[in-house]
file query_2.txt (compact mmCIF, C-alpha atoms)
# COMPACT_ATOMS: atom_id res chain seq x y z
CA LYS A 16 93.18 75.19 89.47
CA ALA A 17 95.72 78.02 89.80
CA SER A 18 94.55 81.60 90.32
CA PHE A 19 95.87 84.42 88.15
CA VAL A 20 97.36 87.48 89.86
CA TYR A 21 97.83 90.65 87.78
CA MET A 22 100.27 93.44 88.67
CA HIS A 23 101.49 96.57 86.84
CA GLU A 24 105.14 96.43 85.79
CA TYR A 25 105.71 100.08 86.62
CA GLN A 26 104.47 99.60 90.20
CA ILE A 27 106.90 96.71 90.70
CA GLN A 28 109.73 98.89 89.37
CA GLU A 29 108.78 101.69 91.78
CA ILE A 30 108.73 99.51 94.88
CA TYR A 31 111.94 97.74 93.82
CA HIS A 32 113.80 101.06 93.70
CA LYS A 33 112.40 102.00 97.11
CA TRP A 34 113.53 98.64 98.52
CA LYS A 35 117.04 99.15 97.13
CA THR A 36 117.37 102.52 98.87
CA SER A 37 115.50 101.83 102.13
CA GLN A 38 116.02 98.06 102.50
CA ILE A 39 112.45 97.80 103.79
CA ASN A 40 111.50 94.40 102.46
CA GLN A 41 107.74 94.52 103.03
CA VAL A 42 105.31 96.60 100.98
CA SER A 43 101.63 97.05 101.69
CA ALA A 44 99.33 96.27 98.82
CA VAL A 45 95.65 95.92 98.12
CA ALA A 46 94.17 93.15 96.03
CA PHE A 47 90.75 92.81 94.43
CA GLY A 48 89.40 89.35 93.77
CA PHE A 49 87.08 88.19 91.01
CA ASP A 50 85.09 85.04 90.26
CA ASP A 51 85.43 83.35 93.66
CA GLY A 52 89.18 83.74 93.82
CA GLU A 53 90.09 82.77 90.26
CA VAL A 54 91.59 86.18 89.44
CA PHE A 55 93.18 88.93 91.56
CA HIS A 56 94.43 92.42 90.66
CA VAL A 57 97.11 93.72 93.05
CA TYR A 58 98.02 97.39 93.45
CA THR A 59 100.78 99.05 95.46
CA SER A 60 99.45 102.57 94.85
CA HIS A 61 96.12 104.02 93.85
CA PRO A 62 95.65 103.35 90.13
CA LYS A 63 93.87 105.57 87.64
CA THR A 64 91.61 102.70 86.64
CA HIS A 65 88.36 101.80 88.39
CA PHE A 66 88.67 99.62 91.47
CA SER A 67 86.40 96.62 91.10
CA GLY A 68 86.06 93.17 92.57
CA LEU A 69 86.02 92.06 96.20
CA PRO A 70 88.83 93.68 98.28
CA VAL A 71 91.17 91.24 100.02
CA PRO A 72 94.33 91.87 102.09
CA SER A 73 97.66 91.54 100.33
CA ALA A 74 101.37 92.01 100.99
CA ILE A 75 104.55 91.98 98.90
CA HIS A 76 107.89 90.79 100.28
CA PHE A 77 111.33 91.22 98.75
CA LEU A 78 113.81 88.43 99.46
CA PRO A 79 117.57 88.12 98.88
CA LYS A 80 116.76 84.89 97.08
CA ILE A 81 113.43 83.43 96.00
CA SER A 82 112.13 80.62 98.19
CA ARG A 83 111.95 77.39 96.19
CA ASN A 84 109.52 74.49 96.43
CA GLU A 85 107.93 74.00 99.86
CA GLU A 86 110.00 76.79 101.41
CA GLY A 87 107.81 79.26 99.59
CA PHE A 88 104.64 77.75 101.08
CA THR A 89 106.15 77.77 104.56
CA LEU A 90 107.20 81.42 104.30
CA ALA A 91 103.90 82.55 102.82
CA ASN A 92 101.94 80.69 105.50
CA SER A 93 103.94 82.33 108.29
CA LEU A 94 103.40 85.76 106.76
CA VAL A 95 99.67 85.16 106.52
CA ASN A 96 99.46 83.96 110.13
CA SER A 97 101.50 86.87 111.48
CA GLN A 98 100.03 89.73 109.43
CA LEU A 99 96.76 88.91 107.70
CA ARG A 100 94.92 86.32 109.80
CA GLU A 101 93.62 88.87 112.30
CA ARG A 102 91.21 90.18 109.65
CA GLU A 103 87.66 89.04 110.35
CA ASN A 104 85.61 87.22 107.71
CA LEU A 105 88.74 86.59 105.67
CA THR A 106 87.93 84.71 102.46
CA HIS A 107 91.18 85.14 100.58
CA SER A 108 94.52 86.87 100.98
CA VAL A 109 97.42 87.29 98.57
CA ILE A 110 101.14 87.04 99.39
CA ILE A 111 103.67 87.91 96.69
CA LEU A 112 107.34 86.99 97.04
CA LEU A 113 109.89 88.83 94.86
CA ALA A 114 113.65 88.56 94.42
CA ILE A 115 116.24 89.81 91.93
CA GLU A 116 118.59 87.03 90.85
CA GLN A 117 121.19 87.66 88.15
CA ASP A 118 119.39 90.90 87.20
CA LYS A 119 116.13 89.04 86.63
CA LEU A 120 112.93 89.33 88.62
CA GLN A 121 111.90 86.06 90.27
CA HIS A 122 108.43 85.79 91.73
CA ARG A 123 105.95 83.50 93.42
CA VAL A 124 102.41 84.22 94.59
CA PHE A 125 100.31 82.39 97.20
CA ILE A 126 96.60 82.67 97.90
CA THR A 127 94.81 81.60 101.05
CA GLN A 128 91.50 79.86 100.43
CA PRO A 129 88.30 80.16 102.52
CA ASP A 130 89.01 76.74 104.10
CA GLY A 131 92.41 77.96 105.35
CA SER A 132 94.51 76.12 102.78
CA LEU A 133 97.26 77.79 100.77
CA SER A 134 97.63 77.49 96.98
CA GLU A 135 100.16 78.87 94.54
CA GLY A 136 99.01 81.17 91.74
CA ILE A 137 100.37 82.49 88.48
CA VAL A 138 101.64 86.08 88.23
CA LYS A 139 100.79 88.08 85.11
CA PHE A 140 102.45 91.48 84.60
CA ILE A 141 100.55 94.29 82.90
CA PRO A 142 103.14 95.78 80.51
CA GLN A 143 104.28 99.31 79.79
CA ARG A 144 102.45 101.36 77.19
CA CYS A 145 104.53 100.20 74.21
CA GLU A 146 102.82 96.80 74.28
CA LEU A 147 99.24 97.94 74.80
CA TYR A 148 98.55 98.51 71.10
CA SER A 149 100.91 96.01 69.53
CA ARG A 150 98.01 94.42 67.66
CA SER A 151 97.10 97.74 66.05
CA GLN A 152 100.52 98.10 64.44
CA GLY A 153 100.28 97.84 60.69
CA LEU A 154 96.86 99.48 60.71
CA LEU A 155 97.67 102.58 62.73
CA GLU A 156 100.93 104.20 63.71
CA THR A 157 100.08 104.17 67.40
CA SER A 158 103.23 106.08 68.35
CA VAL A 159 101.91 108.98 66.24
CA LEU A 160 98.43 108.77 67.76
CA GLU A 161 99.99 108.83 71.24
CA GLU A 162 100.87 112.46 70.68
CA CYS A 163 97.50 113.41 69.19
CA LYS A 164 95.15 115.47 71.32
CA VAL A 165 91.41 115.15 70.74
CA GLY A 166 88.74 117.34 72.29
CA VAL A 167 85.40 115.57 72.82
CA VAL A 168 82.52 117.92 73.61
CA GLY A 169 79.41 116.10 74.76
CA LEU A 170 79.86 112.83 76.65
CA GLY A 171 76.44 111.34 76.08
CA SER A 172 75.75 108.01 74.42
CA GLY A 173 77.50 109.11 71.23
CA GLY A 174 80.47 111.13 72.46
CA SER A 175 81.34 108.66 75.22
CA SER A 176 81.58 105.70 72.83
CA VAL A 177 83.66 107.78 70.39
CA ALA A 178 86.11 108.67 73.16
CA ILE A 179 86.44 105.02 74.21
CA GLU A 180 87.09 103.83 70.65
CA LEU A 181 89.72 106.52 70.03
CA ALA A 182 91.50 105.54 73.25
CA LYS A 183 91.40 101.90 72.18
CA ALA A 184 92.96 102.92 68.85
CA GLY A 185 95.88 104.56 70.65
CA VAL A 186 95.04 108.28 70.88
CA GLY A 187 97.08 109.52 73.83
CA LYS A 188 95.60 112.87 74.89
CA PHE A 189 92.00 113.92 75.51
CA VAL A 190 90.02 116.97 76.59
CA LEU A 191 86.53 115.95 77.77
CA ILE A 192 83.88 118.66 78.12
CA ASP A 193 80.32 118.21 79.41
CA PHE A 194 78.36 119.67 82.33
CA ASP A 195 75.82 116.83 82.72
CA ARG A 196 75.83 114.10 85.35
CA LEU A 197 74.93 110.50 84.61
CA GLU A 198 71.26 109.82 85.37
CA LEU A 199 69.35 106.57 85.57
CA SER A 200 67.66 107.25 82.23
CA ASN A 201 71.11 107.47 80.57
CA VAL A 202 72.36 104.05 81.62
CA ALA A 203 70.58 102.00 78.94
CA ARG A 204 72.47 103.83 76.15
CA HIS A 205 75.66 105.04 77.81
CA VAL A 206 79.05 103.32 78.04
CA CYS A 207 79.01 103.97 81.81
CA GLY A 208 76.78 101.97 84.11
CA ALA A 209 74.76 102.18 87.32
CA GLY A 210 77.96 102.32 89.38
CA ASP A 211 78.59 105.81 87.96
CA LEU A 212 75.16 107.32 88.73
CA GLY A 213 75.40 110.92 89.87
CA ARG A 214 78.96 111.40 88.59
CA TYR A 215 79.89 113.95 85.98
CA LYS A 216 79.98 112.17 82.63
CA THR A 217 83.42 113.64 81.98
CA LYS A 218 84.94 111.99 85.05
CA ALA A 219 83.13 108.70 84.61
CA VAL A 220 84.28 108.43 80.97
CA ARG A 221 87.80 109.53 81.98
CA ASP A 222 88.02 106.51 84.28
CA LEU A 223 86.94 104.21 81.46
CA LEU A 224 89.64 105.70 79.23
CA TYR A 225 92.24 105.01 81.92
CA GLY A 226 90.96 101.44 81.99
CA LYS A 227 91.86 101.12 78.31
CA ASN A 228 95.19 102.91 78.69
CA PRO A 229 96.41 104.07 82.12
CA TYR A 230 99.16 106.11 80.44
CA ILE A 231 96.97 108.53 78.51
CA GLN A 232 96.52 112.17 79.50
CA VAL A 233 92.95 113.28 80.15
CA GLU A 234 91.77 116.78 81.01
CA THR A 235 88.15 117.25 82.03
CA ALA A 236 85.97 120.36 82.24
CA GLU A 237 82.45 120.35 83.65
CA ILE A 238 81.25 123.47 81.86
CA ASP A 239 78.52 124.62 79.50
CA ILE A 240 80.40 125.75 76.43
CA ASN A 241 77.66 128.24 75.55
CA THR A 242 78.11 130.16 78.80
CA SER A 243 81.85 129.45 79.12
CA PHE A 244 82.86 130.11 75.53
CA GLU A 245 86.27 131.70 76.23
CA LYS A 246 87.27 128.89 78.60
CA THR A 247 86.20 126.36 75.97
CA LYS A 248 88.45 128.07 73.44
CA MET A 249 91.42 127.83 75.80
CA LEU A 250 90.76 124.14 76.38
CA LEU A 251 90.47 123.26 72.71
CA ARG A 252 92.89 125.60 70.97
CA ASP A 253 95.84 123.16 70.92
CA CYS A 254 93.80 120.07 69.99
CA ASP A 255 94.50 118.20 66.77
CA LEU A 256 90.81 117.36 66.33
CA ILE A 257 87.47 118.36 67.84
CA ILE A 258 84.62 115.86 68.20
CA ALA A 259 81.38 117.82 68.47
CA ALA A 260 78.87 115.44 70.06
CA SER A 261 76.84 118.05 71.95
CA ASP A 262 73.05 118.05 71.86
CA ASN A 263 72.07 121.56 70.78
CA ASN A 264 72.66 123.79 67.78
CA ARG A 265 74.09 126.73 69.70
CA SER A 266 76.95 124.62 71.06
CA ARG A 267 77.62 123.10 67.64
CA PHE A 268 77.90 126.49 65.99
CA ASN A 269 80.12 127.76 68.78
CA LEU A 270 82.39 124.76 68.24
CA ASN A 271 82.33 125.48 64.52
CA SER A 272 83.64 129.01 65.16
CA ILE A 273 86.41 127.66 67.44
CA ALA A 274 87.44 125.16 64.77
CA LEU A 275 87.61 127.93 62.18
CA GLU A 276 89.45 130.36 64.43
CA TYR A 277 92.22 127.91 65.34
CA LYS A 278 92.07 125.96 62.06
CA ILE A 279 91.34 122.69 63.85
CA PRO A 280 89.52 119.92 61.95
CA ALA A 281 86.19 119.08 63.57
CA ILE A 282 83.66 116.28 63.21
CA PHE A 283 79.99 116.91 64.04
CA GLY A 284 77.63 114.00 64.63
CA ARG A 285 74.02 113.82 65.70
CA ALA A 286 71.02 111.49 65.77
CA LEU A 287 67.62 112.40 64.33
CA THR A 288 64.20 111.87 65.95
CA ARG A 289 64.15 108.61 67.95
CA ALA A 290 67.52 107.86 66.35
CA CYS A 291 65.77 106.83 63.12
CA GLY A 292 69.05 107.90 61.52
CA GLY A 293 71.64 110.59 61.72
CA ASP A 294 74.30 112.57 59.95
CA VAL A 295 78.00 113.31 60.32
CA LEU A 296 79.85 116.35 59.02
CA ARG A 297 83.61 116.72 58.75
CA VAL A 298 84.86 120.31 58.78
CA ARG A 299 88.33 121.00 57.42
CA PRO A 300 88.57 124.74 58.03
CA PHE A 301 88.59 126.72 54.79
CA GLU A 302 89.23 123.57 52.71
CA GLY A 303 85.61 122.45 52.61
CA PRO A 304 82.20 123.41 53.99
CA CYS A 305 81.85 124.59 57.57
CA LEU A 306 78.82 123.81 59.72
CA ALA A 307 76.95 126.91 58.56
CA CYS A 308 77.53 126.03 54.89
CA VAL A 309 75.59 122.79 55.40
CA PHE A 310 73.19 123.29 58.28
CA THR A 311 70.92 125.97 56.97
CA LYS A 312 67.60 126.63 58.68
CA GLU A 313 65.86 124.67 55.94
CA LEU A 314 68.04 121.58 56.43
CA LEU A 315 67.65 121.62 60.20
CA GLU A 316 63.88 121.92 59.89
CA SER A 317 63.77 118.97 57.49
CA ARG A 318 66.04 116.78 59.64
CA GLN A 319 64.84 117.19 63.22
CA GLU A 320 67.37 116.02 65.81
CA GLU A 321 66.67 113.59 68.62
CA VAL A 322 65.51 114.99 71.97
CA SER A 323 66.98 112.49 74.41
CA GLN A 324 66.77 114.06 77.88
CA PHE A 325 64.54 116.27 79.98
CA ARG A 326 66.94 119.25 80.09
CA GLN A 327 67.10 119.34 76.30
CA ALA A 328 63.31 119.03 75.98
CA ARG A 329 62.72 121.71 78.63
CA GLU A 330 64.92 124.17 76.73
CA ASP A 331 63.05 123.45 73.49
CA ASN A 332 59.61 124.17 74.99
CA PRO A 333 58.10 127.44 76.22
CA ALA A 334 58.12 128.07 79.96
CA TYR A 335 54.32 127.76 80.20
CA VAL A 336 54.39 124.12 79.03
CA PRO A 337 54.23 121.93 82.20
CA ASP A 338 57.00 119.43 82.92
CA ASP A 339 54.81 116.34 82.37
CA GLU A 340 54.02 117.51 78.83
CA VAL A 341 57.68 118.29 78.24
CA LYS A 342 58.61 114.73 79.26
CA ALA A 343 56.16 113.41 76.67
CA THR A 344 58.24 115.06 73.92
CA ILE A 345 61.38 113.06 74.78
CA GLN A 346 61.92 110.45 72.08
CA VAL A 347 65.02 108.32 72.18
CA GLY A 348 66.36 105.50 70.05
CA LEU A 349 68.23 102.38 70.98
CA SER A 350 71.92 102.31 71.78
CA SER A 351 72.37 100.14 68.68
CA ASP A 352 70.91 103.03 66.64
CA ILE A 353 73.52 105.42 68.02
CA LEU A 354 76.52 103.15 67.51
CA PRO A 355 76.65 103.30 63.67
CA ILE A 356 76.82 107.10 63.88
CA SER A 357 79.52 106.96 66.56
CA ASN A 358 81.46 104.43 64.52
CA MET A 359 81.43 106.69 61.46
CA ILE A 360 82.74 109.55 63.58
CA VAL A 361 85.56 107.30 64.80
CA LYS A 362 86.45 106.26 61.23
CA LEU A 363 86.61 109.89 60.10
CA ALA A 364 88.56 110.87 63.22
CA LEU A 365 91.22 108.19 62.72
CA GLN A 366 91.46 109.07 59.04
CA GLU A 367 91.92 112.73 59.92
CA LEU A 368 94.55 112.05 62.60
CA SER A 369 96.45 109.76 60.20
CA ARG A 370 95.95 111.97 57.17
CA GLY A 371 99.01 112.12 54.95
CA LYS A 372 100.76 109.39 56.93
CA ASP A 373 101.57 105.93 55.64
CA SER A 374 99.11 103.83 57.64
CA GLY A 375 97.03 100.74 57.06
CA ILE A 376 93.86 102.82 56.80
CA LYS A 377 95.25 105.11 54.09
CA SER A 378 92.78 103.65 51.57
CA LEU A 379 89.97 105.36 53.51
CA GLU A 380 91.24 108.67 52.15
CA GLU A 381 90.11 107.49 48.71
CA ASP A 382 86.69 106.36 49.97
CA LEU A 383 85.75 109.02 52.52
CA ILE A 384 86.10 111.97 50.18
CA ALA A 385 82.74 113.50 51.08
CA ASP A 386 82.42 115.89 53.99
CA PHE A 387 78.77 115.19 54.82
CA TYR A 388 77.34 111.70 55.46
CA ILE A 389 73.79 110.47 55.97
CA TRP A 390 72.67 107.26 57.72
CA ALA A 391 69.21 105.72 58.16
CA ASN A 392 68.33 103.14 60.83
CA ARG A 393 64.64 102.77 60.02
CA ARG A 394 62.15 103.88 57.37
CA GLU A 395 60.30 106.43 59.51
CA ASN A 396 60.10 110.20 59.96
CA THR A 397 62.75 111.72 57.65
CA TYR A 398 63.20 108.39 55.84
CA GLU A 399 59.56 107.29 55.71
CA SER A 400 59.32 107.57 51.92
CA TRP A 401 62.53 105.64 51.21
CA PRO A 402 62.10 102.32 49.35
CA LYS A 403 62.48 99.04 51.23
CA MET A 404 66.01 97.70 51.55
CA GLU A 405 65.18 94.23 50.20
CA TYR A 406 67.95 93.01 47.86
CA GLY A 407 68.86 95.94 45.63
CA SER A 408 71.46 98.60 46.19
CA LYS A 409 70.64 101.04 43.41
CA THR A 410 68.22 103.12 45.47
CA PRO A 411 68.63 104.79 48.87
CA SER A 412 67.83 102.39 51.70
CA ILE A 413 68.27 101.94 55.41
CA LEU A 414 71.50 100.71 57.04
CA ARG A 415 73.81 102.24 54.46
CA TRP A 416 75.99 105.33 54.56
CA TYR A 417 75.62 107.94 51.84
CA GLY A 418 78.21 110.61 51.20
CA ALA A 419 76.77 113.89 49.99
CA LYS A 420 78.86 116.14 47.77
CA TRP A 421 78.80 119.52 49.47
CA GLU A 422 81.02 122.39 48.45
CA ARG A 423 82.08 125.24 50.67
CA ASN A 424 79.79 128.24 50.32
CA LEU A 425 82.20 131.01 49.37
CA SER A 426 79.64 133.60 50.44
CA CYS A 427 79.13 131.99 53.87
CA GLU A 428 79.37 134.72 56.48
CA VAL A 429 80.58 132.25 59.13
CA CYS A 430 83.63 130.78 57.40
CA GLY A 431 84.25 134.06 55.64
CA ASN A 432 85.02 135.77 58.96
CA ILE A 433 85.45 134.60 62.53
CA PRO A 434 82.43 135.32 64.75
CA GLY A 435 82.26 135.35 68.52
CA PRO A 436 79.97 133.07 70.53
CA ASN A 437 76.47 132.60 69.17
CA ASN A 438 73.92 134.00 71.57
CA ALA A 439 70.86 133.97 69.36
CA ASP A 440 69.45 131.37 66.98
CA ASP A 441 69.41 133.85 64.09
CA ASN A 442 73.19 134.21 64.37
CA PHE A 443 73.76 130.53 63.60
CA PHE A 444 73.48 130.86 59.86
CA GLY A 445 75.55 132.70 57.33
call {"tool": "encode", "arguments": {"input": "query_2.txt", "output": "C-alpha cells"}}
result
Amino acid sequence: KASFVYMHEYQIQEIYHKWKTSQINQVSAVAFGFDDGEVFHVYTSHPKTHFSGLPVPSAIHFLPKISRNEEGFTLANSLVNSQLRERENLTHSVIILLAIEQDKLQHRVFITQPDGSLSEGIVKFIPQRCELYSRSQGLLETSVLEECKVGVVGLGSGGSSVAIELAKAGVGKFVLIDFDRLELSNVARHVCGAGDLGRYKTKAVRDLLYGKNPYIQVETAEIDINTSFEKTKMLLRDCDLIIAASDNNRSRFNLNSIALEYKIPAIFGRALTRACGGDVLRVRPFEGPCLACVFTKELLESRQEEVSQFRQAREDNPAYVPDDEVKATIQVGLSSDILPISNMIVKLALQELSRGKDSGIKSLEEDLIADFYIWANRRENTYESWPKMEYGSKTPSILRWYGAKWERNLSCEVCGNIPGPNNADDNFFG
C-alpha cells in the first residue's frame, strides 16, 4: 500500500530557483508522518500551519534526469544509508527525487519502513491559492473576498468559529483581537484544543486560519479594547466588516461607536443564559438601527447574556463576594448551542461582504432584510413561556430564527453623534 507524501508547490518552486542559481542539489527538509506511515507532510521551510504528526528525517535531491525503475530505489537507498541511517530509533525516513525534463517537473518519493525495507510513495502537491476555493465558485466570488478585511473582536467559542468559517469561505484578511488565553475550561466549546492551552486565543486561532488558507493575511492584537480604545480604532478603521463577539456590554458599545465613526458595517452576536438562545444584530451605520437603538436597558435586563468564564463572572459581582460563590454563577451552554448563533453571524457576514455583487447567495438579500434576529435553543429562562415546537410553525418555537423589524431611532444620541469610549454603564444608552 503506497504512502502519500504532500508538499507545497510554492516551496518546490523556491528550492528549484535556488538550485538553478547555486547548483546545490541537496535540500534539507522535515517530514511529519501520520497513521503509521500512511501519510507524510514534507516542508522545506517553516510553514504558517501547525506542525503535527510524528517528525521523521527527510531530504530532497535534484537530478539532471529522474532515475527510472530500480535505479530510483538504488539511489534512494544509498542516500538513506549515507545521510539518514545514523539517526537512532528511526522508524521512517522520506527521500524525494526531483528533475526538470522538457520544462516539466518529474518526481519520485521513497519511504524507509521500520523493518529497513524501502517502498515508493505517491507525491501530492498542495496547490497555489487560486485552487483552494474552486468549489466555492458559483456561490461566492472568492477573488473578491480575498481582498476583504474582517475584524473579529472576541475569539471565544463564538468568534473563533466565525473566523474559521469566513476563512473557509475565502475571506483573505483578518484582524483578530482578544486578550484572553485558552484555558482548560474553554476546550469543550472552542475550536482550539488541548494542544493550545495557555496560548493567546488570537494566536491559536490565527494558526487554524493558516491551516485553512496559508496565503491569508492575519494581524493579531492581545489587548482589552476597553482600555486600549484608540489602538482598537487604528486596528479596525480600514476593515470592511467588524464581527463583535466580545463578552461584555462596554466592549460592544465601544465597537458600535467605532463602526459608526468609520462607517463600517458590524455584526453583534451573543448567547443568553446557559446558551438557551441568543440574538444577532447587524449594524449598517446610519442606514438602520445601531446597537444603542436596540439594546436599551430594558431589553438587556429582559434578555440576560451568558456568563461563561470566571473573569466575566468576577467583573459582574461585587468585590466582597468570594471567588467560590462567583464560580457558582458561571452558567454555560453546549458548543452545539453556540454554533447556530455563529452560523447566523457567518451568513450575515458573507451577505454583507457580497452585498451588491452578483453572487450565488444574492437571494439572501431578499430574505435577511431584518437587522435584528432572535434564536431559541431550549424553552427555558427567556423562552420558558414559548409553546412547544411540536408540528406547527404558526407560533414562536425553539430552533427557528426570527427576524425582528427594528427601525433606527432618529433621536438616538449614539448614532446621532459620535461618542468616545464608554467608561460608565450609564453612557451605553442613547
call {"tool": "residues_around", "arguments": {"input": "query_2.txt", "residues": "region 40-56 of chain A", "least_positions_apart": "5", "cutoff": "9 Å", "atoms": "only C-alpha atoms", "output": "PyMOL selection string"}}
result
chain A and resi 16-22+30+34+66-78+106-109+126+128
call {"tool": "write_last_selection", "arguments": {"input": "query_2.txt", "atoms": "C-alpha atoms", "output": "tab-separated table (two decimals), in the frame of the given file"}}
result
chain	number	residue	atom	x	y	z
A	16	LYS	CA	93.18	75.19	89.47
A	17	ALA	CA	95.72	78.02	89.80
A	18	SER	CA	94.55	81.60	90.32
A	19	PHE	CA	95.87	84.42	88.15
A	20	VAL	CA	97.36	87.48	89.86
A	21	TYR	CA	97.83	90.65	87.78
A	22	MET	CA	100.27	93.44	88.67
A	30	ILE	CA	108.73	99.51	94.88
A	34	TRP	CA	113.53	98.64	98.52
A	66	PHE	CA	88.67	99.62	91.47
A	67	SER	CA	86.40	96.62	91.10
A	68	GLY	CA	86.06	93.17	92.57
A	69	LEU	CA	86.02	92.06	96.20
A	70	PRO	CA	88.83	93.68	98.28
A	71	VAL	CA	91.17	91.24	100.02
A	72	PRO	CA	94.33	91.87	102.09
A	73	SER	CA	97.66	91.54	100.33
A	74	ALA	CA	101.37	92.01	100.99
A	75	ILE	CA	104.55	91.98	98.90
A	76	HIS	CA	107.89	90.79	100.28
A	77	PHE	CA	111.33	91.22	98.75
A	78	LEU	CA	113.81	88.43	99.46
A	106	THR	CA	87.93	84.71	102.46
A	107	HIS	CA	91.18	85.14	100.58
A	108	SER	CA	94.52	86.87	100.98
A	109	VAL	CA	97.42	87.29	98.57
A	126	ILE	CA	96.60	82.67	97.90
A	128	GLN	CA	91.50	79.86	100.43
call {"tool": "atom_distance", "arguments": {"input": "query_2.txt", "atom1": "CA of Ala182 (chain A)", "atom2": "CA of Ala260 (chain A)"}}
result
16.4 Å
call {"tool": "atom_distance", "arguments": {"input": "query_2.txt", "atom1": "CA of Leu223 (chain A)", "atom2": "CA of Pro355 (chain A)"}}
result
20.6 Å
call {"tool": "atom_distance", "arguments": {"input": "query_2.txt", "atom1": "CA of Ser93 (chain A)", "atom2": "CA of Ile137 (chain A)"}}
result
20.1 Å
call {"tool": "closest_residue", "arguments": {"input": "query_2.txt", "among": "A:Thr217, A:Val167, A:Gln26, A:Leu251", "to": "Phe283 (chain A)", "atoms": "all atoms listed in the file"}}
result
A:Val167
call {"tool": "closest_residue", "arguments": {"input": "query_2.txt", "among": "A:His23, A:Asp373, A:Cys305, A:Lys119", "to": "His61 (chain A)", "atoms": "all atoms listed in the file"}}
result
A:His23
call {"tool": "residues_around", "arguments": {"input": "query_2.txt", "residues": "Ser357 (chain A)", "least_positions_apart": "4", "cutoff": "10 Å", "atoms": "all atoms listed in the file", "output": "VMD selection string"}}
result
chain A and resid 172 to 178 180 260 284 to 286 293 295 352 to 353 361 to 362
call {"tool": "residues_around", "arguments": {"input": "query_2.txt", "residues": "Val124 (chain A)", "least_positions_apart": "3", "cutoff": "9 Å", "atoms": "all atoms listed in the file", "output": "PyMOL selection string"}}
result
chain A and resi 20+87+91+109-113+134-138
call {"tool": "closest_residue", "arguments": {"input": "query_2.txt", "among": "A:Ala364, A:Pro79, A:Arg214, A:Ile238", "to": "Glu198 (chain A)", "atoms": "all atoms listed in the file"}}
result
A:Arg214
call {"tool": "residues_near_point", "arguments": {"input": "query_2.txt", "point": "(73.5, 117.4, 71.6)", "cutoff": "6 Å", "atoms": "all atoms listed in the file", "output": "PDB file with C-alpha atoms, in the coordinates of the input"}}
result
ATOM      1  CA  ALA A 260      78.870 115.440  70.060  1.00  0.00           C
ATOM      2  CA  SER A 261      76.840 118.050  71.950  1.00  0.00           C
ATOM      3  CA  ASP A 262      73.050 118.050  71.860  1.00  0.00           C
ATOM      4  CA  ASN A 263      72.070 121.560  70.780  1.00  0.00           C
TER       5      ASN A 263
END
call {"tool": "residues_around", "arguments": {"input": "query_2.txt", "residues": "Lys216 (chain A)", "least_positions_apart": "2", "cutoff": "8 Å", "atoms": "all atoms listed in the file", "output": "MDAnalysis selection string"}}
result
chainID A and resid 170:171 193:197 214 218:220
call {"tool": "residues_around", "arguments": {"input": "query_2.txt", "residues": "region 404-420 of chain A", "least_positions_apart": "4", "cutoff": "10 Å", "atoms": "all atoms listed in the file", "output": "PyMOL selection string"}}
result
chain A and resi 291-296+352+355-356+359+382-394+398+400
call {"tool": "residues_near_point", "arguments": {"input": "query_2.txt", "point": "(85.3, 128.1, 66.1)", "cutoff": "12 Å", "atoms": "only C-alpha atoms", "output": "PyMOL selection string"}}
result
chain A and resi 240+244-245+247-249+251-252+257+259+265-281+298-301+305-307+429-430+432-437
call {"tool": "closest_residue", "arguments": {"input": "query_2.txt", "among": "A:Ser369, A:Ser378, A:Ser97, A:Asn92", "to": "Phe125 (chain A)", "atoms": "all atoms listed in the file"}}
result
A:Asn92
call {"tool": "closest_residue", "arguments": {"input": "query_2.txt", "among": "A:Leu363, A:Ile192, A:Ala290, A:Leu256", "to": "Ala236 (chain A)", "atoms": "all atoms listed in the file"}}
result
A:Ile192
call {"tool": "closest_residue", "arguments": {"input": "query_2.txt", "among": "A:Asn96, A:Arg123, A:Pro62, A:Phe310", "to": "Asn84 (chain A)", "atoms": "only C-alpha atoms"}}
result
A:Arg123
call {"tool": "build_atoms", "arguments": {"input": "query_2.txt", "residues": "region 188-195 of chain A", "atoms": "N, CA, C and O atoms", "output": "mmCIF file, in the frame of the given file"}}
result
data_model
loop_
_atom_site.group_PDB
_atom_site.id
_atom_site.type_symbol
_atom_site.label_atom_id
_atom_site.label_comp_id
_atom_site.auth_asym_id
_atom_site.auth_seq_id
_atom_site.Cartn_x
_atom_site.Cartn_y
_atom_site.Cartn_z
ATOM 1 N N LYS A 188 95.943 111.676 74.122
ATOM 2 C CA LYS A 188 95.600 112.870 74.890
ATOM 3 C C LYS A 188 94.146 113.259 74.599
ATOM 4 O O LYS A 188 93.738 113.287 73.435
ATOM 5 N N PHE A 189 93.407 113.574 75.656
ATOM 6 C CA PHE A 189 92.000 113.920 75.510
ATOM 7 C C PHE A 189 91.649 115.153 76.343
ATOM 8 O O PHE A 189 92.201 115.365 77.423
ATOM 9 N N VAL A 190 90.718 115.944 75.816
ATOM 10 C CA VAL A 190 90.020 116.970 76.590
ATOM 11 C C VAL A 190 88.545 116.604 76.541
ATOM 12 O O VAL A 190 87.963 116.519 75.451
ATOM 13 N N LEU A 191 87.940 116.348 77.694
ATOM 14 C CA LEU A 191 86.530 115.950 77.770
ATOM 15 C C LEU A 191 85.730 117.093 78.380
ATOM 16 O O LEU A 191 86.047 117.564 79.475
ATOM 17 N N ILE A 192 84.676 117.524 77.670
ATOM 18 C CA ILE A 192 83.880 118.660 78.120
ATOM 19 C C ILE A 192 82.395 118.287 78.133
ATOM 20 O O ILE A 192 81.841 117.861 77.114
ATOM 21 N N ASP A 193 81.758 118.437 79.264
ATOM 22 C CA ASP A 193 80.320 118.210 79.410
ATOM 23 C C ASP A 193 79.938 118.639 80.817
ATOM 24 O O ASP A 193 80.717 118.413 81.749
ATOM 25 N N PHE A 194 78.771 119.228 80.989
ATOM 26 C CA PHE A 194 78.360 119.670 82.330
ATOM 27 C C PHE A 194 77.277 118.786 82.926
ATOM 28 O O PHE A 194 76.806 119.030 84.048
ATOM 29 N N ASP A 195 76.887 117.709 82.226
ATOM 30 C CA ASP A 195 75.820 116.830 82.720
ATOM 31 C C ASP A 195 76.379 115.734 83.616
ATOM 32 O O ASP A 195 77.516 115.286 83.455
#
